[in-house]
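Visitor: Next comes the structure file input08.cif, holding mmCIF, C-alpha atoms.
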data_protein
#
loop_
_atom_site.group_PDB
_atom_site.id
_atom_site.type_symbol
_atom_site.label_atom_id
_atom_site.label_comp_id
_atom_site.auth_asym_id
_atom_site.auth_seq_id
_atom_site.Cartn_x
_atom_site.Cartn_y
_atom_site.Cartn_z
ATOM 1 C CA MET A 1 -20.283 -43.238 -32.682
ATOM 2 C CA THR A 2 -16.597 -42.347 -32.423
ATOM 3 C CA ILE A 3 -14.951 -40.044 -34.958
ATOM 4 C CA LEU A 4 -11.206 -39.845 -35.589
ATOM 5 C CA ILE A 5 -10.408 -36.282 -36.679
ATOM 6 C CA SER A 6 -7.241 -36.046 -38.773
ATOM 7 C CA ILE A 7 -5.553 -32.625 -38.691
ATOM 8 C CA ALA A 8 -2.255 -31.847 -40.416
ATOM 9 C CA SER A 9 -0.878 -28.496 -39.254
ATOM 10 C CA TYR A 10 2.093 -26.628 -40.707
ATOM 11 C CA ARG A 11 3.153 -23.661 -38.520
ATOM 12 C CA ASP A 12 -0.506 -22.740 -38.202
ATOM 13 C CA PRO A 13 -1.659 -20.472 -35.331
ATOM 14 C CA GLU A 14 -5.277 -21.421 -36.128
ATOM 15 C CA LEU A 15 -4.851 -25.017 -34.932
ATOM 16 C CA VAL A 16 -6.023 -24.424 -31.351
ATOM 17 C CA ARG A 17 -9.075 -22.495 -32.528
ATOM 18 C CA THR A 18 -9.892 -25.352 -34.926
ATOM 19 C CA ILE A 19 -9.794 -28.013 -32.193
ATOM 20 C CA LYS A 20 -11.830 -25.877 -29.786
ATOM 21 C CA SER A 21 -14.443 -25.257 -32.473
ATOM 22 C CA ALA A 22 -14.751 -28.993 -33.147
ATOM 23 C CA ILE A 23 -15.267 -29.764 -29.458
ATOM 24 C CA GLU A 24 -17.543 -26.841 -28.603
ATOM 25 C CA ASN A 25 -19.863 -27.381 -31.571
ATOM 26 C CA ALA A 26 -20.121 -31.170 -31.476
ATOM 27 C CA ALA A 27 -23.370 -32.775 -30.311
ATOM 28 C CA ASN A 28 -21.293 -35.576 -28.773
ATOM 29 C CA PRO A 29 -17.839 -34.160 -27.941
ATOM 30 C CA ASN A 30 -16.851 -37.229 -25.905
ATOM 31 C CA ASP A 31 -16.969 -39.297 -29.090
ATOM 32 C CA LEU A 32 -14.208 -37.249 -30.736
ATOM 33 C CA VAL A 33 -10.640 -38.532 -31.066
ATOM 34 C CA PHE A 34 -8.020 -36.138 -32.437
ATOM 35 C CA SER A 35 -5.105 -37.264 -34.594
ATOM 36 C CA VAL A 36 -2.912 -34.188 -34.930
ATOM 37 C CA VAL A 37 0.378 -33.816 -36.795
ATOM 38 C CA ILE A 38 2.140 -30.562 -35.913
ATOM 39 C CA GLN A 39 5.021 -29.403 -38.111
ATOM 40 C CA ASP A 40 6.467 -26.480 -36.173
ATOM 41 C CA PHE A 41 9.424 -25.239 -34.156
ATOM 42 C CA PRO A 42 9.326 -26.553 -30.576
ATOM 43 C CA VAL A 43 9.061 -23.019 -29.170
ATOM 44 C CA ASP A 44 5.933 -22.383 -31.297
ATOM 45 C CA THR A 45 4.242 -25.746 -30.775
ATOM 46 C CA PRO A 46 0.995 -25.169 -28.847
ATOM 47 C CA ASP A 47 0.193 -27.002 -25.626
ATOM 48 C CA LEU A 48 -2.618 -29.463 -26.406
ATOM 49 C CA SER A 49 -2.571 -31.274 -23.070
ATOM 50 C CA TRP A 50 -6.126 -30.040 -22.469
ATOM 51 C CA VAL A 51 -7.445 -32.032 -25.448
ATOM 52 C CA LYS A 52 -9.168 -35.252 -24.423
ATOM 53 C CA ASN A 53 -8.474 -38.300 -26.623
ATOM 54 C CA LEU A 54 -5.464 -36.782 -28.375
ATOM 55 C CA ARG A 55 -2.972 -38.711 -30.507
ATOM 56 C CA LEU A 56 -0.190 -36.299 -31.342
ATOM 57 C CA LYS A 57 2.843 -36.347 -33.586
ATOM 58 C CA THR A 58 5.190 -33.358 -33.617
ATOM 59 C CA MET A 59 8.052 -32.740 -36.015
ATOM 60 C CA HIS A 60 10.420 -29.935 -36.879
ATOM 61 C CA PRO A 61 9.470 -28.031 -40.070
ATOM 62 C CA ARG A 62 12.697 -29.229 -41.707
ATOM 63 C CA GLU A 63 11.175 -32.748 -41.742
ATOM 64 C CA ALA A 64 7.963 -31.625 -43.472
ATOM 65 C CA ARG A 65 7.164 -33.136 -46.870
ATOM 66 C CA GLY A 66 3.799 -31.574 -47.656
ATOM 67 C CA ALA A 67 0.178 -32.198 -46.743
ATOM 68 C CA GLY A 68 0.040 -35.755 -48.058
ATOM 69 C CA TYR A 69 2.992 -36.821 -45.916
ATOM 70 C CA ALA A 70 1.437 -35.337 -42.774
ATOM 71 C CA ARG A 71 -2.028 -36.736 -43.515
ATOM 72 C CA ALA A 72 -0.533 -40.204 -44.017
ATOM 73 C CA ILE A 73 1.053 -39.988 -40.550
ATOM 74 C CA ALA A 74 -2.243 -38.817 -39.039
ATOM 75 C CA MET A 75 -4.033 -41.807 -40.575
ATOM 76 C CA GLU A 76 -1.646 -44.135 -38.753
ATOM 77 C CA HIS A 77 -3.278 -43.075 -35.468
ATOM 78 C CA TYR A 78 -6.534 -44.799 -36.425
ATOM 79 C CA GLN A 79 -7.586 -47.390 -33.828
ATOM 80 C CA GLY A 80 -10.950 -48.662 -35.008
ATOM 81 C CA GLU A 81 -13.087 -45.537 -34.669
ATOM 82 C CA ASP A 82 -16.473 -45.672 -36.417
ATOM 83 C CA TYR A 83 -15.851 -42.649 -38.623
ATOM 84 C CA TYR A 84 -12.896 -40.813 -40.106
ATOM 85 C CA LEU A 85 -12.889 -37.048 -40.639
ATOM 86 C CA GLN A 86 -10.061 -35.211 -42.381
ATOM 87 C CA ILE A 87 -9.839 -31.429 -42.119
ATOM 88 C CA ASP A 88 -7.301 -28.632 -42.391
ATOM 89 C CA SER A 89 -5.891 -26.885 -39.323
ATOM 90 C CA HIS A 90 -7.756 -23.653 -40.149
ATOM 91 C CA THR A 91 -11.352 -24.853 -39.904
ATOM 92 C CA LEU A 92 -14.472 -23.872 -37.969
ATOM 93 C CA PHE A 93 -17.497 -26.078 -37.304
ATOM 94 C CA ALA A 94 -21.248 -25.550 -37.493
ATOM 95 C CA LYS A 95 -23.395 -26.421 -34.492
ATOM 96 C CA ASN A 96 -23.999 -30.177 -34.169
ATOM 97 C CA TRP A 97 -21.639 -30.796 -37.073
ATOM 98 C CA ASP A 98 -21.094 -34.436 -36.087
ATOM 99 C CA LYS A 99 -24.821 -35.209 -36.307
ATOM 100 C CA LEU A 100 -25.004 -33.391 -39.626
ATOM 101 C CA CYS A 101 -22.113 -35.454 -41.019
ATOM 102 C CA ILE A 102 -23.611 -38.769 -39.948
ATOM 103 C CA ASP A 103 -27.080 -37.804 -41.207
ATOM 104 C CA GLN A 104 -25.800 -36.720 -44.635
ATOM 105 C CA HIS A 105 -23.616 -39.824 -44.826
ATOM 106 C CA ASN A 106 -26.609 -42.085 -44.092
ATOM 107 C CA LYS A 107 -28.693 -40.296 -46.727
ATOM 108 C CA ALA A 108 -25.901 -40.699 -49.287
ATOM 109 C CA LYS A 109 -25.737 -44.426 -48.534
ATOM 110 C CA GLU A 110 -29.478 -44.711 -49.118
ATOM 111 C CA ILE A 111 -29.291 -42.808 -52.405
ATOM 112 C CA SER A 112 -26.288 -44.739 -53.733
ATOM 113 C CA LYS A 113 -27.393 -48.100 -52.326
ATOM 114 C CA ASN A 114 -23.777 -48.481 -51.287
ATOM 115 C CA ASN A 115 -22.315 -48.604 -47.767
ATOM 116 C CA LYS A 116 -18.963 -47.336 -49.045
ATOM 117 C CA VAL A 117 -19.583 -43.604 -49.294
ATOM 118 C CA ILE A 118 -17.257 -40.624 -48.851
ATOM 119 C CA LEU A 119 -18.657 -37.193 -48.045
ATOM 120 C CA SER A 120 -16.585 -34.278 -49.316
ATOM 121 C CA TYR A 121 -17.102 -30.699 -50.413
ATOM 122 C CA PHE A 122 -15.684 -27.172 -50.351
ATOM 123 C CA PRO A 123 -16.215 -25.852 -46.812
ATOM 124 C CA LEU A 124 -17.771 -22.409 -46.609
ATOM 125 C CA PRO A 125 -15.370 -19.429 -46.305
ATOM 126 C CA TYR A 126 -14.449 -17.449 -43.212
ATOM 127 C CA HIS A 127 -11.761 -14.888 -42.478
ATOM 128 C CA VAL A 128 -9.638 -13.918 -39.478
ATOM 129 C CA GLU A 129 -9.493 -10.141 -39.064
ATOM 130 C CA ASN A 130 -6.441 -8.207 -37.825
ATOM 131 C CA ASN A 131 -7.946 -8.116 -34.335
ATOM 132 C CA ASN A 132 -8.196 -11.934 -34.398
ATOM 133 C CA LYS A 133 -11.984 -11.793 -34.704
ATOM 134 C CA ILE A 134 -13.815 -14.158 -37.051
ATOM 135 C CA SER A 135 -15.941 -12.940 -39.947
ATOM 136 C CA PHE A 136 -18.051 -15.304 -42.028
ATOM 137 C CA ILE A 137 -17.936 -14.369 -45.691
ATOM 138 C CA THR A 138 -21.336 -14.146 -47.363
ATOM 139 C CA LYS A 139 -20.328 -12.692 -50.744
ATOM 140 C CA ASP A 140 -17.386 -14.159 -52.632
ATOM 141 C CA LYS A 141 -17.467 -14.848 -56.372
ATOM 142 C CA GLU A 142 -14.812 -17.563 -56.121
ATOM 143 C CA ARG A 143 -16.070 -19.255 -52.956
ATOM 144 C CA PRO A 144 -19.834 -19.050 -52.457
ATOM 145 C CA ALA A 145 -21.200 -19.185 -48.926
ATOM 146 C CA TYR A 146 -23.341 -22.237 -49.603
ATOM 147 C CA PRO A 147 -22.622 -25.921 -50.350
ATOM 148 C CA THR A 148 -21.557 -26.972 -53.835
ATOM 149 C CA LYS A 149 -20.479 -30.179 -55.541
ATOM 150 C CA GLN A 150 -17.122 -30.655 -57.281
ATOM 151 C CA GLN A 151 -15.351 -32.307 -60.188
ATOM 152 C CA PRO A 152 -11.666 -32.493 -61.190
ATOM 153 C CA SER A 153 -10.052 -29.674 -63.144
ATOM 154 C CA LEU A 154 -6.636 -28.252 -63.899
ATOM 155 C CA ASN A 155 -5.410 -24.842 -62.786
ATOM 156 C CA ARG A 156 -3.360 -22.456 -64.916
ATOM 157 C CA ARG A 157 -0.150 -24.252 -63.962
ATOM 158 C CA ASN A 158 -1.553 -27.588 -65.132
ATOM 159 C CA GLU A 159 -1.930 -28.832 -61.549
ATOM 160 C CA TRP A 160 -4.878 -30.964 -60.499
ATOM 161 C CA THR A 161 -7.529 -29.177 -58.471
ATOM 162 C CA ALA A 162 -11.346 -29.075 -58.459
ATOM 163 C CA LYS A 163 -14.099 -26.789 -59.694
ATOM 164 C CA ARG A 164 -17.486 -26.181 -58.143
ATOM 165 C CA LEU A 165 -20.801 -27.430 -59.473
ATOM 166 C CA GLU A 166 -24.228 -26.320 -58.296
ATOM 167 C CA PHE A 167 -26.592 -28.739 -56.594
ATOM 168 C CA SER A 168 -29.642 -29.636 -58.656
ATOM 169 C CA ASP A 169 -31.855 -28.540 -55.738
ATOM 170 C CA ARG A 170 -30.245 -27.040 -52.624
ATOM 171 C CA GLN A 171 -33.604 -26.634 -50.937
ATOM 172 C CA ARG A 172 -33.948 -30.399 -50.520
ATOM 173 C CA ARG A 173 -30.766 -30.494 -48.398
ATOM 174 C CA MET A 174 -29.925 -33.909 -49.803
ATOM 175 C CA PRO A 175 -26.372 -34.999 -50.687
ATOM 176 C CA GLU A 176 -25.540 -35.363 -54.375
ATOM 177 C CA GLN A 177 -22.822 -37.240 -56.205
ATOM 178 C CA SER A 178 -19.435 -35.686 -56.962
ATOM 179 C CA SER A 179 -16.452 -37.069 -58.857
ATOM 180 C CA THR A 180 -13.548 -35.972 -56.668
ATOM 181 C CA VAL A 181 -12.833 -35.077 -53.045
ATOM 182 C CA LEU A 182 -11.611 -31.948 -51.290
ATOM 183 C CA ALA A 183 -8.855 -32.698 -48.794
ATOM 184 C CA GLY A 184 -10.123 -30.049 -46.350
ATOM 185 C CA PHE A 185 -13.255 -32.094 -45.661
ATOM 186 C CA ILE A 186 -13.429 -35.858 -46.029
ATOM 187 C CA PHE A 187 -15.934 -37.725 -43.869
ATOM 188 C CA THR A 188 -16.515 -41.453 -44.131
ATOM 189 C CA THR A 189 -16.353 -44.692 -42.200
ATOM 190 C CA GLY A 190 -13.114 -45.863 -40.614
ATOM 191 C CA ASP A 191 -12.759 -48.611 -43.231
ATOM 192 C CA ILE A 192 -11.247 -46.035 -45.567
ATOM 193 C CA VAL A 193 -7.996 -46.031 -43.586
ATOM 194 C CA LYS A 194 -7.174 -49.622 -44.508
ATOM 195 C CA GLU A 195 -8.572 -49.571 -48.047
ATOM 196 C CA VAL A 196 -7.301 -46.153 -49.188
ATOM 197 C CA PRO A 197 -4.411 -45.015 -46.978
ATOM 198 C CA TYR A 198 -3.071 -41.567 -47.767
ATOM 199 C CA ASP A 199 -0.083 -41.483 -50.125
ATOM 200 C CA PRO A 200 2.838 -39.788 -48.307
ATOM 201 C CA GLU A 201 4.656 -38.990 -51.573
ATOM 202 C CA ILE A 202 1.954 -36.707 -52.974
ATOM 203 C CA SER A 203 2.691 -33.294 -51.523
ATOM 204 C CA PHE A 204 -0.244 -30.954 -52.232
ATOM 205 C CA PHE A 205 -1.833 -30.340 -55.638
ATOM 206 C CA GLY A 206 -2.993 -33.700 -56.993
ATOM 207 C CA GLU A 207 -3.552 -35.373 -53.614
ATOM 208 C CA GLU A 208 -7.330 -35.069 -54.003
ATOM 209 C CA ILE A 209 -7.860 -36.545 -57.442
ATOM 210 C CA CYS A 210 -5.426 -39.396 -56.741
ATOM 211 C CA PHE A 211 -7.259 -40.221 -53.516
ATOM 212 C CA ALA A 212 -10.636 -39.959 -55.251
ATOM 213 C CA MET A 213 -9.649 -42.227 -58.140
ATOM 214 C CA ARG A 214 -8.098 -44.820 -55.834
ATOM 215 C CA ALA A 215 -11.209 -44.833 -53.639
ATOM 216 C CA TRP A 216 -13.689 -44.869 -56.532
ATOM 217 C CA THR A 217 -11.961 -47.763 -58.280
ATOM 218 C CA ARG A 218 -12.190 -49.653 -54.975
ATOM 219 C CA GLY A 219 -15.965 -49.221 -54.860
ATOM 220 C CA TRP A 220 -16.323 -46.003 -52.867
ATOM 221 C CA ASP A 221 -18.882 -43.443 -54.052
ATOM 222 C CA ILE A 222 -18.294 -39.734 -53.450
ATOM 223 C CA TYR A 223 -21.118 -37.434 -52.353
ATOM 224 C CA SER A 224 -21.208 -33.774 -51.341
ATOM 225 C CA PRO A 225 -23.317 -32.815 -48.314
ATOM 226 C CA CYS A 226 -25.980 -30.179 -48.963
ATOM 227 C CA VAL A 227 -25.860 -28.551 -45.522
ATOM 228 C CA ASP A 228 -23.458 -26.148 -43.820
ATOM 229 C CA ILE A 229 -20.996 -28.255 -41.824
ATOM 230 C CA LEU A 230 -17.565 -26.598 -41.953
ATOM 231 C CA TYR A 231 -15.969 -23.221 -42.589
ATOM 232 C CA HIS A 232 -12.487 -22.826 -44.068
ATOM 233 C CA PHE A 233 -9.963 -19.981 -43.837
ATOM 234 C CA TYR A 234 -8.968 -19.731 -47.510
ATOM 235 C CA HIS A 235 -7.238 -16.346 -47.782
ATOM 236 C CA ARG A 236 -4.239 -16.789 -45.456
ATOM 237 C CA GLY A 237 -1.859 -14.429 -47.228
ATOM 238 C CA ASN A 238 0.489 -13.706 -44.322
ATOM 239 C CA TYR A 239 0.462 -17.187 -42.798
ATOM 240 C CA LYS A 240 3.380 -19.593 -43.085
ATOM 241 C CA LYS A 241 3.313 -21.954 -46.078
ATOM 242 C CA ILE A 242 5.578 -24.946 -46.559
ATOM 243 C CA TRP A 243 6.532 -23.962 -50.118
ATOM 244 C CA LYS A 244 7.645 -20.517 -48.916
ATOM 245 C CA ASP A 245 9.962 -21.805 -46.164
ATOM 246 C CA ARG A 246 12.842 -22.379 -48.558
ATOM 247 C CA ASN A 247 15.692 -22.369 -46.049
ATOM 248 C CA ILE A 248 14.173 -24.654 -43.435
ATOM 249 C CA ARG A 249 13.582 -28.078 -44.985
ATOM 250 C CA ARG A 250 16.168 -30.753 -45.679
ATOM 251 C CA MET A 251 14.629 -31.101 -49.164
ATOM 252 C CA SER A 252 13.712 -28.212 -51.433
ATOM 253 C CA TRP A 253 10.065 -27.750 -52.373
ATOM 254 C CA LYS A 254 11.032 -28.441 -55.999
ATOM 255 C CA GLU A 255 12.455 -31.836 -55.017
ATOM 256 C CA ILE A 256 9.302 -32.652 -53.051
ATOM 257 C CA GLU A 257 7.074 -31.518 -55.925
ATOM 258 C CA ASP A 258 9.065 -33.470 -58.532
ATOM 259 C CA ILE A 259 8.567 -36.669 -56.526
ATOM 260 C CA SER A 260 4.891 -35.817 -56.076
ATOM 261 C CA LYS A 261 4.170 -35.057 -59.722
ATOM 262 C CA ASP A 262 5.897 -38.213 -60.902
ATOM 263 C CA LYS A 263 3.874 -40.259 -58.402
ATOM 264 C CA GLN A 264 0.643 -38.613 -59.560
ATOM 265 C CA ARG A 265 1.423 -39.487 -63.171
ATOM 266 C CA ARG A 266 2.100 -43.092 -62.223
ATOM 267 C CA VAL A 267 -1.089 -43.351 -60.167
ATOM 268 C CA LEU A 268 -3.442 -41.659 -62.618
ATOM 269 C CA CYS A 269 -2.079 -43.412 -65.704
ATOM 270 C CA GLY A 270 -2.390 -46.865 -64.134
ATOM 271 C CA ILE A 271 1.370 -47.455 -63.872
ATOM 272 C CA GLU A 272 1.501 -47.526 -60.064
ATOM 273 C CA LYS A 273 0.435 -50.869 -58.602
ATOM 274 C CA GLY A 274 -0.547 -51.958 -55.115
ATOM 275 C CA ILE A 275 -2.265 -49.986 -52.397
ATOM 276 C CA PHE A 276 -1.311 -46.585 -53.851
ATOM 277 C CA GLY A 277 -2.485 -47.510 -57.347
ATOM 278 C CA ALA A 278 -5.978 -48.031 -58.733
ATOM 279 C CA GLY A 279 -8.300 -50.644 -57.300
ATOM 280 C CA ASN A 280 -9.788 -53.552 -59.223
ATOM 281 C CA TYR A 281 -13.475 -53.009 -58.398
ATOM 282 C CA ARG A 282 -13.888 -50.408 -61.133
ATOM 283 C CA HIS A 283 -11.496 -49.574 -63.966
ATOM 284 C CA ILE A 284 -9.593 -46.278 -64.243
ATOM 285 C CA LYS A 285 -11.228 -45.776 -67.636
ATOM 286 C CA ALA A 286 -14.621 -45.885 -65.961
ATOM 287 C CA TYR A 287 -13.488 -43.192 -63.532
ATOM 288 C CA GLU A 288 -12.207 -41.033 -66.382
ATOM 289 C CA LYS A 289 -15.572 -41.274 -68.095
ATOM 290 C CA PHE A 290 -17.410 -40.541 -64.841
ATOM 291 C CA ALA A 291 -15.199 -37.552 -63.945
ATOM 292 C CA GLY A 292 -14.780 -36.185 -67.463
ATOM 293 C CA VAL A 293 -10.991 -36.477 -67.585
ATOM 294 C CA ASP A 294 -8.395 -38.190 -69.780
ATOM 295 C CA PHE A 295 -5.271 -38.854 -67.742
ATOM 296 C CA LYS A 296 -3.057 -40.278 -70.464
ATOM 297 C CA LYS A 297 -3.914 -37.438 -72.829
ATOM 298 C CA MET A 298 -3.133 -34.929 -70.114
ATOM 299 C CA TYR A 299 0.242 -36.577 -69.469
ATOM 300 C CA GLY A 300 0.983 -37.048 -73.180
ATOM 301 C CA LEU A 301 0.830 -40.846 -73.104
ATOM 302 C CA THR A 302 -0.878 -43.157 -75.578
ATOM 303 C CA THR A 303 -3.627 -45.575 -74.604
ATOM 304 C CA ASP A 304 -2.699 -49.250 -74.904
ATOM 305 C CA ASP A 305 -5.116 -51.369 -76.886
ATOM 306 C CA ASN A 306 -5.607 -53.734 -73.943
ATOM 307 C CA GLU A 307 -6.621 -50.819 -71.716
ATOM 308 C CA SER A 308 -9.327 -49.471 -74.030
ATOM 309 C CA THR A 309 -12.145 -51.501 -72.493
ATOM 310 C CA ILE A 310 -14.076 -49.966 -69.629
ATOM 311 C CA VAL A 311 -14.845 -52.461 -66.892
ATOM 312 C CA VAL A 312 -17.263 -51.742 -64.051
ATOM 313 C CA ARG A 313 -17.978 -54.583 -61.640
ATOM 314 C CA GLU A 314 -21.314 -54.935 -59.965
ATOM 315 C CA LYS A 315 -21.601 -53.780 -56.366
ATOM 316 C CA VAL A 316 -21.769 -56.460 -53.710
#
Let me see the structure of the file written as structure tokens.
Guide:
Amino acid sequence: MTILISIASYRDPELVRTIKSAIENAANPNDLVFSVVIQDFPVDTPDLSWVKNLRLKTMHPREARGAGYARAIAMEHYQGEDYYLQIDSHTLFAKNWDKLCIDQHNKAKEISKNNKVILSYFPLPYHVENNNKISFITKDKERPAYPTKQQPSLNRRNEWTAKRLEFSDRQRRMPEQSSTVLAGFIFTTGDIVKEVPYDPEISFFGEEICFAMRAWTRGWDIYSPCVDILYHFYHRGNYKKIWKDRNIRRMSWKEIEDISKDKQRRVLCGIEKGIFGAGNYRHIKAYEKFAGVDFKKMYGLTTDDNESTIVVREKV
């Protein structure tokens, strides 16, 4: 079973370690195909010629437009692989992670009675020490070292993010339903690429809930795996960030964010049509009820009378 691994990297020295971890810990490393988008200066771009089955796009940081833009480019490298995995460029993998993903995905399909299932969750935390050694964090109030579920929430700046929810029974090691995705771990079948392509105009905050709503309204269910699959380097205080590189890009981060936030509003309020808008398998109102959100209220819009009915079509 082939897996296309999408990795968007912005000036990230952890990229090589991420790819090596994926290969070294896979049960079937020959089934892995890497779609990597590197946004870095040519002198700092790592040599990935050693990576088997690599599809690579490099660009100067001045051309960067945020995570969504890079992930959309990475998706374009899909060539019919069985599964699609999206991760960040600062990720480590558990042993036999590919088998774990497929097993949890199959269990989620059985539970949901739906072949269109997305696995997503907050990867467990790790840290890179000053000596470049890895430490796995076992005690962190914000980021527990065990799997959790997630639902949409807003941060203090009124930006869309997600909060953690506990599994009903972690001991069973069975996936459970969630109402949004986490962009640092999305695992599903390759069909997602055609049905829910990544929106290149959504830069960072908001990419997850827009993707989740678009997928859910097209009939995709979202489940969180209840096993340790990935580890994520969350606290990267001294690492390069696109929003901090003010004098590099052709566009300012404010310009990129203004475009992104307007697009999010259009998507989540049902204004945007077509492939980057909501699907017609389930209604946006049904997603709002499921996820516990009210998009138009959040954006200060009124609900039209003809949009007040919740429509959920039967699965086929």
Visitor: Which residues, named as in the file, does the PyMOL selection byres ((chain A and resi 38) around 10) pick out? Answer as a PyMOL selection string.
Guide: chain A and resi 7-12+15+35-37+39-42+45-46+56-61+64+70+74+89
Visitor: Take the residues just selected and output them with C-alpha atoms as a PDB file, in the coordinates of the input.
Guide:
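So again_38.pdb came out as:
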ATOM      1  CA  ILE A   7      -5.553 -32.625 -38.691  1.00  0.00           C
ATOM      2  CA  ALA A   8      -2.255 -31.847 -40.416  1.00  0.00           C
ATOM      3  CA  SER A   9      -0.878 -28.496 -39.254  1.00  0.00           C
ATOM      4  CA  TYR A  10       2.093 -26.628 -40.707  1.00  0.00           C
ATOM      5  CA  ARG A  11       3.153 -23.661 -38.520  1.00  0.00           C
ATOM      6  CA  ASP A  12      -0.506 -22.740 -38.202  1.00  0.00           C
ATOM      7  CA  LEU A  15      -4.851 -25.017 -34.932  1.00  0.00           C
ATOM      8  CA  SER A  35      -5.105 -37.264 -34.594  1.00  0.00           C
ATOM      9  CA  VAL A  36      -2.912 -34.188 -34.930  1.00  0.00           C
ATOM     10  CA  VAL A  37       0.378 -33.816 -36.795  1.00  0.00           C
ATOM     11  CA  GLN A  39       5.021 -29.403 -38.111  1.00  0.00           C
ATOM     12  CA  ASP A  40       6.467 -26.480 -36.173  1.00  0.00           C
ATOM     13  CA  PHE A  41       9.424 -25.239 -34.156  1.00  0.00           C
ATOM     14  CA  PRO A  42       9.326 -26.553 -30.576  1.00  0.00           C
ATOM     15  CA  THR A  45       4.242 -25.746 -30.775  1.00  0.00           C
ATOM     16  CA  PRO A  46       0.995 -25.169 -28.847  1.00  0.00           C
ATOM     17  CA  LEU A  56      -0.190 -36.299 -31.342  1.00  0.00           C
ATOM     18  CA  LYS A  57       2.843 -36.347 -33.586  1.00  0.00           C
ATOM     19  CA  THR A  58       5.190 -33.358 -33.617  1.00  0.00           C
ATOM     20  CA  MET A  59       8.052 -32.740 -36.015  1.00  0.00           C
ATOM     21  CA  HIS A  60      10.420 -29.935 -36.879  1.00  0.00           C
ATOM     22  CA  PRO A  61       9.470 -28.031 -40.070  1.00  0.00           C
ATOM     23  CA  ALA A  64       7.963 -31.625 -43.472  1.00  0.00           C
ATOM     24  CA  ALA A  70       1.437 -35.337 -42.774  1.00  0.00           C
ATOM     25  CA  ALA A  74      -2.243 -38.817 -39.039  1.00  0.00           C
ATOM     26  CA  SER A  89      -5.891 -26.885 -39.323  1.00  0.00           C
TER      27      SER A  89
END
Visitor: From the list A:Gln79, A:Asn53, A:Thr91, A:Thr188, which residue is nearest Tyr234 of chain A when using all atoms listed in the file?
Guide: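 Counting all atoms listed in the file, the residue closest to Tyr234 of chain A is A:Thr91.
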Visitor: Return the single residue from A:Gly66, A:Gly219, A:Asp294, A:Ser179 that is closest to Lys113 of chain A, with distances computed using all atoms listed in the file.
Guide: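 Ranking A:Gly66, A:Gly219, A:Asp294, A:Ser179 by distance to Lys113 of chain A, first place goes to A:Gly219.
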Visitor: Per residue of segment 83-185 of chain A within 12 Å of segment 286-291 of chain A, what are the shortest atom pair and its distance in Å to one decimal, counting all atoms listed in the file, with rows by chain and residue number, as CSV?
Guide:
residue,atom,partner,partner_atom,distance
A:Gln150,CA,A:Ala291,CA,9.8
A:Gln151,CA,A:Ala291,CA,6.5
A:Pro152,CA,A:Ala291,CA,6.8
A:Ser153,CA,A:Ala291,CA,9.4
A:Ala162,CA,A:Ala291,CA,10.8
A:Lys163,CA,A:Ala291,CA,11.6
A:Gln177,CA,A:Phe290,CA,10.7
A:Ser178,CA,A:Ala291,CA,8.4
A:Ser179,CA,A:Ala291,CA,5.3
A:Thr180,CA,A:Ala291,CA,7.6
A:Val181,CA,A:Ala291,CA,11.4
Visitor: Can you tell me how far atom CA of Ala278 of chain A sits from atom CA of Phe205 of chain A, in Å to one decimal?
Guide: 18.4 Å
Visitor: Could you please determine the separation between atom CA of Gly68 of chain A and atom CA of Ala183 of chain A in Å, to one decimal place?
Guide: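 Rounded to one decimal, the two atoms are 9.4 Å apart.
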Visitor: Can you pull out the residues contacting Ile229 of chain A? Cut-off 8 Å, using all atoms listed in the file, and skip same-chain residues under 5 positions away; I want them as a CSV table (one decimal) with C-alpha atoms, in the frame of the given file.
Guide:
chain,number,residue,atom,x,y,z
A,93,PHE,CA,-17.5,-26.1,-37.3
A,94,ALA,CA,-21.2,-25.6,-37.5
A,95,LYS,CA,-23.4,-26.4,-34.5
A,97,TRP,CA,-21.6,-30.8,-37.1
A,100,LEU,CA,-25.0,-33.4,-39.6
A,101,CYS,CA,-22.1,-35.5,-41.0
A,123,PRO,CA,-16.2,-25.9,-46.8
Visitor: Starting from the displayed file, determine the output of the PyMOL selection byres ((chain A and resi 299) around 12) and express the residue list as a list in words.
Guide: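 For this structure, the PyMOL selection byres ((chain A and resi 299) around 12) resolves to Asn158, Glu159, Trp160, Lys261, Asp262, Gln264, Arg265, Arg266, Val267, Leu268, Cys269, Gly270, Val293, Asp294, Phe295, Lys296, Lys297, Met298, Gly300, Leu301, Thr302 and Thr303 of chain A.
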Visitor: Report the residues retrieved by the PyMOL selection byres ((chain A and resi 208) around 7) from the displayed file, expressed as JSON, numbers by chain.
Guide: {"A": [180, 181, 182, 183, 206, 207, 209, 210, 211, 212]}
Visitor: One decimal, Å: what's the distance from atom CA of Gly274 of chain A over to atom CA of Arg65 of chain A, could you say?
Guide: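 Separation between atom CA of Gly274 of chain A and atom CA of Arg65 of chain A: 21.9 Å.
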Visitor: Please define a box with edges along x, y and z of the file around all atoms of segment 151-158 of chain A given in the file, extend it by 3 Å on each side, and return its centre and edge lengths in Å to one decimal, as JSON.
Guide:
{"center_x": -7.8, "center_y": -27.5, "center_z": -62.7, "size_x": 21.2, "size_y": 16.0, "size_z": 10.9}
